[in-house]
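**Q** File structure_8.cif below, mmCIF, C-alpha atoms and all ligand atoms:
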data_entry
#
loop_
_atom_site.label_atom_id
_atom_site.label_comp_id
_atom_site.auth_asym_id
_atom_site.auth_seq_id
_atom_site.Cartn_x
_atom_site.Cartn_y
_atom_site.Cartn_z
CA MET Q 1 133.20 -123.15 -73.79
CA SER Q 2 133.56 -120.10 -71.62
CA ASN Q 3 137.06 -118.79 -71.15
CA GLU Q 4 136.36 -117.66 -67.58
CA SER Q 5 136.05 -121.31 -66.61
CA LYS Q 6 139.82 -121.65 -67.00
CA ASN Q 7 140.27 -119.55 -63.87
CA LEU Q 8 138.05 -121.77 -61.77
CA ASP Q 9 139.29 -124.52 -59.53
CA PHE Q 10 139.14 -128.04 -60.97
CA SER Q 11 136.38 -129.06 -58.56
CA THR Q 12 134.22 -126.15 -59.75
CA ARG Q 13 134.98 -126.82 -63.40
CA LEU Q 14 133.75 -130.39 -62.99
CA LEU Q 15 130.28 -128.93 -62.35
CA HIS Q 16 130.21 -125.63 -64.20
CA ALA Q 17 132.18 -126.01 -67.38
CA PRO Q 18 131.44 -125.91 -70.15
CA THR Q 19 127.96 -127.21 -70.97
CA GLY Q 20 125.99 -125.08 -68.53
CA ILE Q 21 122.24 -125.13 -68.13
CA ASP Q 22 119.97 -126.42 -70.87
CA GLN Q 23 118.64 -123.34 -72.67
CA LEU Q 24 115.30 -124.88 -73.59
CA TYR Q 25 113.87 -125.81 -70.19
CA GLY Q 26 116.60 -124.85 -67.77
CA SER Q 27 117.39 -128.42 -66.75
CA LEU Q 28 120.58 -128.69 -64.69
CA THR Q 29 121.73 -131.82 -66.43
CA VAL Q 30 122.37 -132.21 -70.13
CA PRO Q 31 119.39 -133.92 -71.77
CA ILE Q 32 119.90 -137.24 -73.54
CA PHE Q 33 119.40 -136.44 -77.20
CA GLN Q 34 118.36 -139.90 -78.29
CA VAL Q 35 118.39 -139.09 -81.96
CA SER Q 36 120.19 -140.31 -85.06
CA THR Q 37 119.35 -137.54 -87.53
CA TYR Q 38 118.29 -133.88 -87.58
CA ASN Q 39 115.85 -131.91 -89.69
CA GLN Q 40 117.34 -129.57 -92.27
CA SER Q 41 115.31 -126.43 -92.86
CA ALA Q 42 116.31 -126.30 -96.53
CA LEU Q 43 118.59 -128.15 -98.92
CA ASP Q 44 121.29 -125.57 -98.51
CA GLU Q 45 120.65 -124.88 -94.83
CA GLN Q 46 122.11 -127.26 -92.32
CA GLY Q 47 121.71 -126.86 -88.59
CA GLU Q 48 124.49 -127.41 -86.07
CA PHE Q 49 123.90 -131.15 -86.18
CA GLU Q 50 123.27 -133.34 -89.17
CA TYR Q 51 123.68 -136.99 -88.22
CA SER Q 52 124.67 -138.42 -84.82
CA ARG Q 53 127.76 -140.24 -86.04
CA SER Q 54 129.17 -136.82 -86.97
CA GLY Q 55 127.78 -135.06 -83.92
CA ASN Q 56 125.22 -135.37 -81.14
CA PRO Q 57 124.49 -132.69 -78.51
CA THR Q 58 124.86 -135.05 -75.53
CA ARG Q 59 128.11 -136.44 -76.89
CA GLN Q 60 129.29 -132.93 -77.67
CA ALA Q 61 128.65 -131.95 -74.05
CA VAL Q 62 130.95 -134.68 -72.76
CA GLU Q 63 133.52 -133.91 -75.47
CA GLU Q 64 133.62 -130.24 -74.48
CA THR Q 65 133.77 -131.12 -70.82
CA ILE Q 66 136.80 -133.38 -71.20
CA ALA Q 67 138.53 -130.91 -73.54
CA ASN Q 68 138.13 -128.25 -70.87
CA LEU Q 69 139.33 -130.46 -68.01
CA GLU Q 70 142.41 -131.68 -69.92
CA GLU Q 71 143.25 -128.12 -71.13
CA GLY Q 72 142.74 -129.15 -74.74
CA THR Q 73 140.86 -127.49 -77.58
CA ALA Q 74 138.85 -130.51 -78.71
CA GLY Q 75 137.56 -133.75 -77.21
CA PHE Q 76 136.22 -136.84 -78.94
CA ALA Q 77 134.11 -139.59 -77.40
CA PHE Q 78 134.31 -143.20 -78.55
CA SER Q 79 132.46 -146.40 -77.76
CA SER Q 80 135.30 -147.80 -75.61
CA GLY Q 81 138.84 -147.05 -74.55
CA MET Q 82 140.09 -149.44 -77.22
CA ALA Q 83 137.95 -147.69 -79.85
CA ALA Q 84 139.60 -144.42 -78.80
CA ILE Q 85 143.09 -145.94 -78.92
CA SER Q 86 142.50 -147.69 -82.25
CA SER Q 87 141.02 -144.53 -83.74
CA VAL Q 88 144.14 -142.61 -82.71
CA PHE Q 89 146.40 -145.25 -84.29
CA SER Q 90 144.26 -144.89 -87.43
CA ILE Q 91 145.66 -141.44 -88.13
CA PHE Q 92 148.91 -143.22 -89.10
CA SER Q 93 149.67 -144.90 -92.43
CA SER Q 94 151.24 -148.07 -93.69
CA GLY Q 95 154.98 -148.03 -92.96
CA ASP Q 96 154.65 -145.88 -89.84
CA GLU Q 97 156.19 -147.04 -86.58
CA ILE Q 98 155.10 -146.25 -83.03
CA LEU Q 99 157.62 -146.31 -80.21
CA ILE Q 100 156.05 -147.76 -77.13
CA GLY Q 101 156.97 -149.22 -73.75
CA ARG Q 102 156.23 -152.88 -73.03
CA ASP Q 103 154.55 -152.29 -69.69
CA ILE Q 104 151.26 -151.19 -71.26
CA TYR Q 105 147.60 -152.09 -71.17
CA GLY Q 106 147.14 -155.59 -72.60
CA GLY Q 107 144.50 -154.52 -75.11
CA THR Q 108 146.79 -151.82 -76.52
CA TYR Q 109 149.54 -154.44 -76.82
CA ARG Q 110 147.15 -156.77 -78.66
CA ALA Q 111 145.93 -154.08 -81.07
CA LEU Q 112 149.48 -152.97 -81.88
CA THR Q 113 150.98 -156.45 -82.28
CA GLU Q 114 148.11 -158.37 -83.89
CA PHE Q 115 145.75 -155.90 -85.53
CA PHE Q 116 147.54 -152.79 -86.81
CA PRO Q 117 150.51 -154.65 -88.37
CA ARG Q 118 147.98 -155.99 -90.91
CA PHE Q 119 147.71 -152.42 -92.16
CA GLY Q 120 151.44 -151.79 -91.98
CA ILE Q 121 151.35 -149.77 -88.73
CA ARG Q 122 153.83 -151.33 -86.34
CA PRO Q 123 154.96 -150.97 -82.75
CA ARG Q 124 158.63 -150.71 -81.83
CA PHE Q 125 158.96 -151.75 -78.22
CA THR Q 126 161.54 -150.02 -76.13
CA ASP Q 127 162.34 -149.02 -72.59
CA LEU Q 128 160.80 -145.56 -72.25
CA SER Q 129 162.53 -145.01 -68.91
CA ASN Q 130 165.90 -144.87 -70.65
CA LEU Q 131 165.78 -141.66 -72.66
CA GLU Q 132 169.20 -142.19 -74.24
CA SER Q 133 168.52 -145.64 -75.62
CA LEU Q 134 165.08 -144.44 -76.66
CA GLU Q 135 166.56 -141.82 -78.94
CA LYS Q 136 168.66 -144.48 -80.68
CA GLU Q 137 165.49 -146.45 -81.48
CA ILE Q 138 164.07 -143.63 -83.58
CA THR Q 139 164.14 -144.42 -87.31
CA PRO Q 140 162.86 -142.49 -90.33
CA SER Q 141 159.65 -144.56 -90.03
CA THR Q 142 159.03 -143.56 -86.41
CA LYS Q 143 156.02 -141.25 -86.23
CA ALA Q 144 154.93 -141.30 -82.60
CA ILE Q 145 155.81 -142.18 -79.02
CA TYR Q 146 153.07 -143.73 -76.92
CA ILE Q 147 153.20 -143.51 -73.13
CA GLU Q 148 151.19 -144.78 -70.22
CA THR Q 149 152.22 -143.38 -66.87
CA PRO Q 150 151.82 -144.78 -64.28
CA SER Q 151 151.84 -147.98 -66.28
CA ASN Q 152 149.53 -150.92 -66.01
CA PRO Q 153 149.83 -153.03 -63.88
CA LEU Q 154 153.27 -152.30 -62.36
CA LEU Q 155 152.88 -148.55 -61.86
CA GLY Q 156 156.12 -147.74 -63.63
CA ILE Q 157 156.66 -144.03 -64.28
CA THR Q 158 157.64 -142.44 -67.59
CA ASP Q 159 159.23 -139.01 -67.72
CA ILE Q 160 156.58 -137.15 -69.74
CA ARG Q 161 158.65 -133.96 -70.22
CA GLY Q 162 161.73 -135.98 -71.18
CA ILE Q 163 159.80 -137.94 -73.81
CA VAL Q 164 158.18 -134.76 -75.15
CA ASN Q 165 161.60 -133.12 -75.57
CA ILE Q 166 162.92 -136.01 -77.63
CA ALA Q 167 159.71 -136.25 -79.64
CA LYS Q 168 159.78 -132.54 -80.50
CA LYS Q 169 163.41 -132.79 -81.59
CA HIS Q 170 162.47 -135.53 -84.07
CA SER Q 171 159.01 -134.15 -85.02
CA LEU Q 172 157.19 -137.11 -83.50
CA ILE Q 173 153.68 -137.06 -82.09
CA THR Q 174 153.37 -137.96 -78.41
CA ILE Q 175 150.35 -139.88 -77.21
CA ALA Q 176 149.55 -140.46 -73.54
CA ASP Q 177 147.01 -142.88 -72.06
CA ASN Q 178 145.95 -140.91 -68.98
CA THR Q 179 143.39 -143.43 -67.71
CA PHE Q 180 145.09 -144.10 -64.36
CA MET Q 181 145.52 -140.43 -63.42
CA THR Q 182 142.56 -138.56 -64.99
CA PRO Q 183 142.88 -134.80 -65.62
CA TYR Q 184 142.42 -134.23 -61.89
CA LEU Q 185 145.85 -135.67 -61.14
CA GLN Q 186 147.83 -135.28 -64.36
CA LYS Q 187 147.38 -133.12 -67.45
CA PRO Q 188 149.73 -134.40 -70.17
CA LEU Q 189 148.73 -131.70 -72.70
CA THR Q 190 150.13 -129.06 -70.35
CA LEU Q 191 153.44 -130.97 -70.34
CA GLY Q 192 153.65 -130.88 -74.14
CA VAL Q 193 151.94 -134.16 -75.07
CA ASP Q 194 149.94 -133.99 -78.32
CA ILE Q 195 147.16 -136.53 -77.81
CA VAL Q 196 145.62 -137.69 -74.53
CA ILE Q 197 143.52 -140.85 -74.37
CA HIS Q 198 141.21 -142.20 -71.67
CA SER Q 199 139.45 -145.40 -71.09
CA ALA Q 200 136.52 -143.45 -69.60
CA THR Q 201 135.15 -146.84 -68.57
CA LYS Q 202 137.37 -146.41 -65.54
CA TYR Q 203 137.59 -143.29 -63.31
CA ILE Q 204 135.80 -140.83 -65.59
CA GLY Q 205 132.62 -142.94 -65.70
CA GLY Q 206 133.52 -144.21 -62.28
CA HIS Q 207 130.58 -146.51 -61.55
CA SER Q 208 131.32 -149.70 -63.52
CA ASP Q 209 128.26 -149.10 -65.66
CA VAL Q 210 129.51 -147.72 -68.97
CA LEU Q 211 132.14 -148.51 -71.59
CA ALA Q 212 133.64 -145.40 -73.18
CA GLY Q 213 136.79 -143.83 -74.54
CA LEU Q 214 137.94 -140.23 -74.89
CA VAL Q 215 140.59 -138.45 -76.93
CA ILE Q 216 141.74 -134.89 -76.32
CA VAL Q 217 144.01 -132.72 -78.47
CA LYS Q 218 145.16 -129.13 -78.64
CA ASP Q 219 146.64 -128.84 -82.12
CA GLU Q 220 144.39 -127.83 -85.02
CA LYS Q 221 145.80 -130.38 -87.48
CA LEU Q 222 145.40 -133.27 -85.04
CA LYS Q 223 141.91 -132.09 -84.25
CA LYS Q 224 140.99 -132.39 -87.94
CA GLN Q 225 142.66 -135.80 -88.23
CA ILE Q 226 140.90 -137.28 -85.19
CA ARG Q 227 137.56 -135.77 -86.18
CA PHE Q 228 137.95 -137.34 -89.61
CA VAL Q 229 138.67 -140.80 -88.16
CA GLN Q 230 135.88 -140.50 -85.60
CA ASN Q 231 133.36 -139.85 -88.38
CA ALA Q 232 134.89 -142.10 -91.04
CA PHE Q 233 135.57 -145.11 -88.82
CA GLY Q 234 132.48 -144.41 -86.72
CA ALA Q 235 133.24 -145.95 -83.31
CA VAL Q 236 131.32 -143.16 -81.57
CA LEU Q 237 129.79 -143.02 -78.11
CA GLY Q 238 125.99 -143.12 -77.96
CA PRO Q 239 123.91 -140.42 -76.24
CA GLN Q 240 122.90 -142.54 -73.22
CA ASP Q 241 126.49 -143.52 -72.53
CA SER Q 242 127.62 -139.93 -73.05
CA TRP Q 243 125.11 -138.91 -70.40
CA LEU Q 244 126.43 -141.54 -67.99
CA LEU Q 245 129.93 -140.09 -68.41
CA LEU Q 246 128.61 -136.58 -67.74
CA ARG Q 247 126.97 -137.88 -64.60
CA GLY Q 248 130.02 -139.81 -63.43
CA ILE Q 249 132.57 -137.11 -64.06
CA ARG Q 250 130.87 -134.62 -61.71
CA THR Q 251 132.09 -136.58 -58.70
CA LEU Q 252 135.55 -137.36 -60.09
CA GLN Q 253 137.43 -135.28 -57.58
CA VAL Q 254 135.61 -136.39 -54.42
CA ARG Q 255 135.85 -140.00 -55.50
CA LEU Q 256 139.57 -139.75 -56.19
CA ASP Q 257 140.32 -137.84 -53.00
CA ARG Q 258 138.78 -140.61 -50.96
CA ILE Q 259 140.24 -143.39 -53.11
CA GLN Q 260 143.77 -142.00 -52.86
CA GLU Q 261 143.61 -141.64 -49.12
CA SER Q 262 142.51 -145.26 -48.78
CA SER Q 263 145.02 -146.49 -51.37
CA LEU Q 264 147.96 -145.10 -49.45
CA LYS Q 265 146.73 -146.73 -46.22
CA ILE Q 266 146.27 -150.05 -48.00
CA ALA Q 267 149.65 -149.86 -49.77
CA ARG Q 268 151.38 -149.15 -46.45
CA PHE Q 269 149.49 -152.00 -44.78
CA LEU Q 270 150.39 -154.46 -47.53
CA LYS Q 271 154.06 -153.52 -47.31
CA GLU Q 272 154.13 -154.70 -43.69
CA GLN Q 273 152.66 -158.12 -44.43
CA PRO Q 274 155.01 -161.11 -44.43
CA GLY Q 275 152.90 -162.86 -47.08
CA ILE Q 276 153.52 -160.05 -49.57
CA GLU Q 277 156.66 -160.01 -51.69
CA GLU Q 278 156.30 -156.56 -53.19
CA VAL Q 279 153.93 -153.59 -53.33
CA TYR Q 280 153.70 -151.15 -56.24
CA TYR Q 281 152.16 -147.74 -55.59
CA PRO Q 282 153.60 -144.36 -56.67
CA GLY Q 283 152.53 -142.82 -53.36
CA LEU Q 284 155.00 -144.95 -51.39
CA GLU Q 285 158.15 -142.94 -50.70
CA ASP Q 286 160.35 -145.86 -51.73
CA HIS Q 287 158.74 -146.19 -55.15
CA PRO Q 288 161.80 -145.88 -57.43
CA ASP Q 289 160.24 -142.99 -59.36
CA TYR Q 290 158.47 -141.26 -56.50
CA ALA Q 291 160.12 -137.90 -57.26
CA LEU Q 292 159.62 -138.13 -61.02
CA HIS Q 293 155.97 -139.02 -60.62
CA HIS Q 294 155.39 -136.10 -58.26
CA SER Q 295 157.08 -133.72 -60.68
CA GLN Q 296 154.36 -134.38 -63.25
CA ALA Q 297 151.30 -135.48 -61.28
CA THR Q 298 149.49 -134.07 -58.26
CA GLY Q 299 148.36 -137.39 -56.85
CA ASP Q 300 148.92 -141.12 -56.86
CA GLY Q 301 145.62 -142.59 -57.98
CA GLY Q 302 143.85 -145.68 -56.73
CA ILE Q 303 145.71 -148.65 -58.17
CA VAL Q 304 147.82 -150.70 -55.80
CA SER Q 305 149.53 -153.77 -57.24
CA PHE Q 306 151.21 -156.43 -55.15
CA LYS Q 307 152.83 -159.82 -55.38
CA LEU Q 308 152.11 -162.70 -53.07
CA ASN Q 309 155.12 -164.71 -51.88
CA SER Q 310 154.14 -167.89 -53.66
CA GLU Q 311 151.64 -169.33 -56.08
CA GLU Q 312 150.32 -171.66 -53.34
CA GLN Q 313 148.92 -168.61 -51.53
CA ILE Q 314 146.73 -167.55 -54.46
CA LYS Q 315 143.84 -169.97 -53.95
CA PRO Q 316 143.35 -169.53 -50.19
CA PHE Q 317 143.81 -165.74 -50.50
CA LEU Q 318 141.06 -165.47 -53.10
CA GLU Q 319 138.76 -167.87 -51.26
CA LYS Q 320 138.97 -165.84 -48.07
CA LEU Q 321 138.80 -162.35 -49.57
CA HIS Q 322 135.21 -161.01 -49.45
CA LEU Q 323 135.00 -157.31 -50.23
CA PRO Q 324 136.75 -156.61 -53.53
CA ALA Q 325 135.05 -158.01 -56.60
CA LEU Q 326 137.28 -160.37 -58.54
CA ALA Q 327 136.97 -158.81 -61.95
CA VAL Q 328 138.68 -157.08 -64.83
CA SER Q 329 138.51 -153.29 -64.97
CA LEU Q 330 139.25 -150.59 -62.42
CA GLY Q 331 138.27 -147.11 -61.35
CA GLY Q 332 134.79 -147.92 -60.09
CA VAL Q 333 133.19 -146.95 -56.77
CA GLU Q 334 133.63 -150.52 -55.55
CA SER Q 335 137.01 -152.14 -55.03
CA ILE Q 336 138.06 -154.53 -57.76
CA LEU Q 337 140.82 -157.09 -57.53
CA SER Q 338 142.18 -158.33 -60.80
CA TYR Q 339 144.69 -160.89 -61.87
CA PRO Q 340 146.66 -159.45 -64.79
CA ALA Q 341 148.07 -162.82 -65.93
CA THR Q 342 144.68 -164.08 -67.12
CA MET Q 343 142.73 -160.81 -67.27
CA SER Q 344 144.10 -157.46 -68.48
CA HIS Q 345 147.30 -159.01 -69.84
CA ALA Q 346 145.90 -162.21 -71.29
CA GLY Q 347 146.70 -160.69 -74.70
CA MET Q 348 150.41 -160.75 -73.87
CA PRO Q 349 152.49 -163.94 -74.30
CA LYS Q 350 153.48 -165.51 -70.96
CA LYS Q 351 157.18 -165.10 -71.73
CA VAL Q 352 156.87 -161.36 -72.41
CA ARG Q 353 154.65 -160.98 -69.37
CA GLU Q 354 157.08 -162.65 -66.99
CA GLU Q 355 160.05 -160.70 -68.37
CA LEU Q 356 158.15 -157.55 -67.47
CA GLY Q 357 157.48 -158.76 -63.94
CA ILE Q 358 153.81 -159.50 -64.56
CA THR Q 359 154.12 -162.84 -62.82
CA ASP Q 360 151.45 -165.32 -61.78
CA THR Q 361 151.64 -164.01 -58.20
CA LEU Q 362 150.78 -160.43 -59.17
CA PHE Q 363 147.45 -158.86 -58.25
CA ARG Q 364 146.13 -155.41 -59.03
CA LEU Q 365 143.74 -153.78 -56.59
CA SER Q 366 141.59 -150.90 -57.73
CA VAL Q 367 140.64 -149.29 -54.45
CA GLY Q 368 137.02 -148.17 -54.16
CA LEU Q 369 134.97 -146.08 -51.76
CA GLU Q 370 134.51 -148.69 -49.04
CA SER Q 371 135.88 -147.94 -45.60
CA PRO Q 372 139.66 -148.41 -45.81
CA GLU Q 373 139.58 -150.11 -42.41
CA ASP Q 374 137.11 -152.69 -43.69
CA LEU Q 375 139.25 -153.30 -46.76
CA ILE Q 376 142.39 -153.67 -44.67
CA ASN Q 377 140.66 -156.06 -42.25
CA ASP Q 378 139.46 -158.12 -45.17
CA LEU Q 379 142.95 -158.27 -46.69
CA ARG Q 380 144.45 -159.12 -43.29
CA GLN Q 381 142.21 -162.12 -42.71
CA ALA Q 382 142.64 -163.31 -46.32
CA LEU Q 383 146.43 -163.19 -45.96
CA SER Q 384 146.47 -164.95 -42.60
C1 LIG Q 401 140.80 -150.39 -69.63
C2 LIG Q 401 141.93 -149.69 -70.24
C3 LIG Q 401 141.97 -149.47 -71.62
C4 LIG Q 401 140.90 -150.00 -72.56
O1 LIG Q 401 139.66 -149.39 -72.35
P1 LIG Q 401 138.25 -150.09 -72.64
O2 LIG Q 401 137.28 -149.06 -72.23
O3 LIG Q 401 138.20 -151.34 -71.82
O4 LIG Q 401 138.20 -150.42 -74.09
C5 LIG Q 401 143.03 -148.75 -72.12
N1 LIG Q 401 144.03 -148.28 -71.33
C6 LIG Q 401 144.01 -148.49 -70.00
C7 LIG Q 401 145.13 -147.96 -69.17
C8 LIG Q 401 142.98 -149.21 -69.41
O5 LIG Q 401 142.99 -149.42 -68.09
#
Write out the structure in this file as structure tokens.

**A**
Amino acid sequence: MSNESKNLDFSTRLLHAPTGIDQLYGSLTVPIFQVSTYNQSALDEQGEFEYSRSGNPTRQAVEETIANLEEGTAGFAFSSGMAAISSVFSIFSSGDEILIGRDIYGGTYRALTEFFPRFGIRPRFTDLSNLESLEKEITPSTKAIYIETPSNPLLGITDIRGIVNIAKKHSLITIADNTFMTPYLQKPLTLGVDIVIHSATKYIGGHSDVLAGLVIVKDEKLKKQIRFVQNAFGAVLGPQDSWLLLRGIRTLQVRLDRIQESSLKIARFLKEQPGIEEVYYPGLEDHPDYALHHSQATGDGGIVSFKLNSEEQIKPFLEKLHLPALAVSLGGVESILSYPATMSHAGMPKKVREELGITDTLFRLSVGLESPEDLINDLRQALS
């Protein structure tokens, strides 16, 4: 990784840091090293790579790229966002507790409530927006605080600096899922967070064609711990999928610039509609944490959630809506409408869901690159 790249603008770094031009043939893209093992010149002489679970040049290129973009010292690529998240939780031991908000990605909730407790690693759910009550939840077993901001699907904001201060006071590790913002809009490591996670399936890949997860750290000890889990547990990203991430990430900024512009227009439009009960988007000035969000992020992203007035509206709305795909996932070039109750948050009991405000009338729109006017017209006729 070249140090000069740190002085370049983010848009330039997306293209010029840190993998550069292939030294062998001068190709402008990183070749796909479709290989599992590497020749050793002698028993006691090992090359840079030995076996692709431990390291692969194409995967290394994407790992270095994301480390650079997030201002970390090491990146790690996994076979999915959940593989990345579960690998991070695997650095903890039986008896350890993780403080976490309830308004989180459904898969993370499922892993922490149904999978990790089998190994003695448990979540302690709390309201991360209340820093005072949060501090009272810390016990001798607490080892980490896990944040997702803006949260999924209600776009709640967590005070990253506030959480980091408390964590440092109690020697806890802070972990941030930065999927919704990407390093273009928010860089948690620069705010003191220890571990950043991405579902790269979303904006980083950006084209709804690859499943991947990324982890980025700065600290040497954490780097060793994550590297150990990545190799020992083995949920690594393959070379083809690593290449797809490298291809997708190059256009991250232009995609997000366009997506954000459209998202704000759509959020403002939805707010005016009588059939809509509520709109959630951190770019709306009346979002309750508008100022907090803008103190830690440089943009608002492309997720607009909203509630219809009644359950009776759901069927006709979906029947009439043409442009957005009705699907799970987000962050692709095409708009995707999802229904958290039975999709992303199916892993959460209905009672918990409803208490959080994830009701049966809630939809989450991941705004894509279509013309915002076309999207608005489509929403207008579907709501009429
Ligand atoms: C999708 C998602 C995940 C899980 O990632 P996968 O790639 O689907 O395994 C984790 N966190 C957030 C915020 C997500 O949106």

**Q** Measuring between all atoms listed in the file, which one of Q:Ser263, Q:Asn7, Q:Thr37, Q:Ser79 shows the shortest distance to Leu284 in chain Q?

**A** Q:Ser263

**Q** Enumerate residues in contact with ligand LIG 401 (chain Q): an atom-to-atom distance of at most 10 Å, counting only C-alpha atoms and all ligand atoms. Format the result as number ranges by chain.

**A** Q: 78-86, 104-109, 148-153, 176-181, 197-203, 210-214, 328-331, 344

**Q** Pick out the residues sitting within 8 Å of Lys143 in chain Q, and hand them over as number ranges by chain; count only C-alpha atoms, and ignore anything fewer than 5 positions along from it in its own chain.

**A** Q: 92, 96-98, 171-173

**Q** Can you list, as an MDAnalysis selection string, every protein, DNA or RNA residue that comes within 7 Å of range 221-230 of chain Q when you count all atoms listed in the file, leaving out same-chain residues fewer than 3 positions away?

**A** chainID Q and resid 74 87:88 90:91 217 233:236

**Q** Find the residues of range 5-95 of chain Q that sit at most 7 Å from range 245-258 of chain Q; for each, write down the nearest two atoms and how far apart they are in Å, to one decimal. Count all atoms listed in the file. Sort by chain, then by number going up, and give it as CSV.

**A**
residue,atom,partner,partner_atom,distance
Q:Ser11,CA,Q:Gln253,CA,6.4
Q:Leu14,CA,Q:Arg250,CA,5.3
Q:Leu15,CA,Q:Arg250,CA,5.8
Q:Val62,CA,Q:Leu246,CA,5.9

**Q** Residues near Ala341 in chain Q, anyone? I mean within 8 Å using all atoms listed in the file, not counting same-chain ones fewer than 3 positions away, as a ChimeraX atom specification.

**A** /Q:344-346,350,353,358-360,362

**Q** Using only C-alpha atoms, which residue out of Q:Ser366, Q:Gln260, Q:Thr182, Q:Thr190 lies closest to Thr73 in chain Q?

**A**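 Looking only at the distances to Thr73 in chain Q, the closest residue turns out to be Q:Thr190.
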
**Q** Find the spatial neighbours of range 53-61 of chain Q, counting all atoms listed in the file, within a cut-off of 7 Å - ignore same-chain residues fewer than 4 positions away - and output them as an mmCIF file with C-alpha atoms, in the frame of the given file.

**A**
data_model
loop_
_atom_site.group_PDB
_atom_site.id
_atom_site.type_symbol
_atom_site.label_atom_id
_atom_site.label_comp_id
_atom_site.auth_asym_id
_atom_site.auth_seq_id
_atom_site.Cartn_x
_atom_site.Cartn_y
_atom_site.Cartn_z
ATOM 1 C CA THR Q 19 127.960 -127.210 -70.970
ATOM 2 C CA VAL Q 30 122.370 -132.210 -70.130
ATOM 3 C CA PRO Q 31 119.390 -133.920 -71.770
ATOM 4 C CA ILE Q 32 119.900 -137.240 -73.540
ATOM 5 C CA PHE Q 33 119.400 -136.440 -77.200
ATOM 6 C CA PHE Q 49 123.900 -131.150 -86.180
ATOM 7 C CA THR Q 65 133.770 -131.120 -70.820
ATOM 8 C CA ALA Q 77 134.110 -139.590 -77.400
ATOM 9 C CA ASN Q 231 133.360 -139.850 -88.380
ATOM 10 C CA GLY Q 234 132.480 -144.410 -86.720
ATOM 11 C CA VAL Q 236 131.320 -143.160 -81.570
ATOM 12 C CA LEU Q 237 129.790 -143.020 -78.110
ATOM 13 C CA PRO Q 239 123.910 -140.420 -76.240
ATOM 14 C CA SER Q 242 127.620 -139.930 -73.050
ATOM 15 C CA TRP Q 243 125.110 -138.910 -70.400
#

**Q** Need the shell around Phe317 in chain Q: protein/DNA/RNA residues with any atom at most 9 Å away, counting all atoms listed in the file. Skip same-chain ones fewer than 2 positions apart. Format as a list in words?

**A**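 These residues fall inside the cut-off: Gln313, Ile314, Lys315, Glu319, Lys320, Leu321, Leu379, Gln381, Ala382, Leu383 and Ser384 of chain Q.
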
**Q** If I take CA of Ala325 in chain Q and CA of Arg102 in chain Q, how far is one from the other in Å, to one decimal?

**A**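 For CA of Ala325 in chain Q relative to CA of Arg102 in chain Q, the distance reads 27.3 Å.
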
**Q** From the list Q:Gly120, Q:Pro183, Q:Gly47, Q:Gly299, which residue is nearest Asn68 in chain Q when using all atoms listed in the file?

**A** Q:Pro183

**Q** So how many Å separate CA of Glu311 in chain Q and CA of Pro282 in chain Q, to one decimal?

**A**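 Computed distance, CA of Glu311 in chain Q to CA of Pro282 in chain Q, equals 25.1 Å.
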
**Q** Could you rebuild range 364-374 of chain Q with N, CA and C atoms and give me the result as a short mmCIF file (atom, residue, chain, number, x, y, z; two decimals), in the frame of the given file?

**A**
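Saved result, rebuild20.cif, follows:
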data_model
loop_
_atom_site.label_atom_id
_atom_site.label_comp_id
_atom_site.auth_asym_id
_atom_site.auth_seq_id
_atom_site.Cartn_x
_atom_site.Cartn_y
_atom_site.Cartn_z
N ARG Q 364 146.30 -156.85 -58.92
CA ARG Q 364 146.13 -155.41 -59.03
C ARG Q 364 144.83 -155.04 -58.33
N LEU Q 365 144.94 -154.19 -57.33
CA LEU Q 365 143.74 -153.78 -56.59
C LEU Q 365 143.35 -152.37 -57.00
N SER Q 366 142.13 -152.22 -57.48
CA SER Q 366 141.59 -150.90 -57.73
C SER Q 366 140.76 -150.55 -56.50
N VAL Q 367 141.26 -149.61 -55.73
CA VAL Q 367 140.64 -149.29 -54.45
C VAL Q 367 139.36 -148.47 -54.68
N GLY Q 368 138.30 -148.86 -54.00
CA GLY Q 368 137.02 -148.17 -54.16
C GLY Q 368 136.69 -147.28 -52.97
N LEU Q 369 135.41 -147.02 -52.79
CA LEU Q 369 134.97 -146.08 -51.76
C LEU Q 369 134.58 -146.73 -50.44
N GLU Q 370 134.81 -148.03 -50.32
CA GLU Q 370 134.51 -148.69 -49.04
C GLU Q 370 135.39 -148.09 -47.94
N SER Q 371 135.04 -148.39 -46.70
CA SER Q 371 135.88 -147.94 -45.60
C SER Q 371 137.26 -148.60 -45.73
N PRO Q 372 138.34 -147.80 -45.68
CA PRO Q 372 139.66 -148.41 -45.81
C PRO Q 372 139.94 -149.42 -44.70
N GLU Q 373 139.37 -149.17 -43.52
CA GLU Q 373 139.58 -150.11 -42.41
C GLU Q 373 138.95 -151.47 -42.73
N ASP Q 374 137.76 -151.43 -43.31
CA ASP Q 374 137.11 -152.69 -43.69
C ASP Q 374 137.94 -153.42 -44.75
#
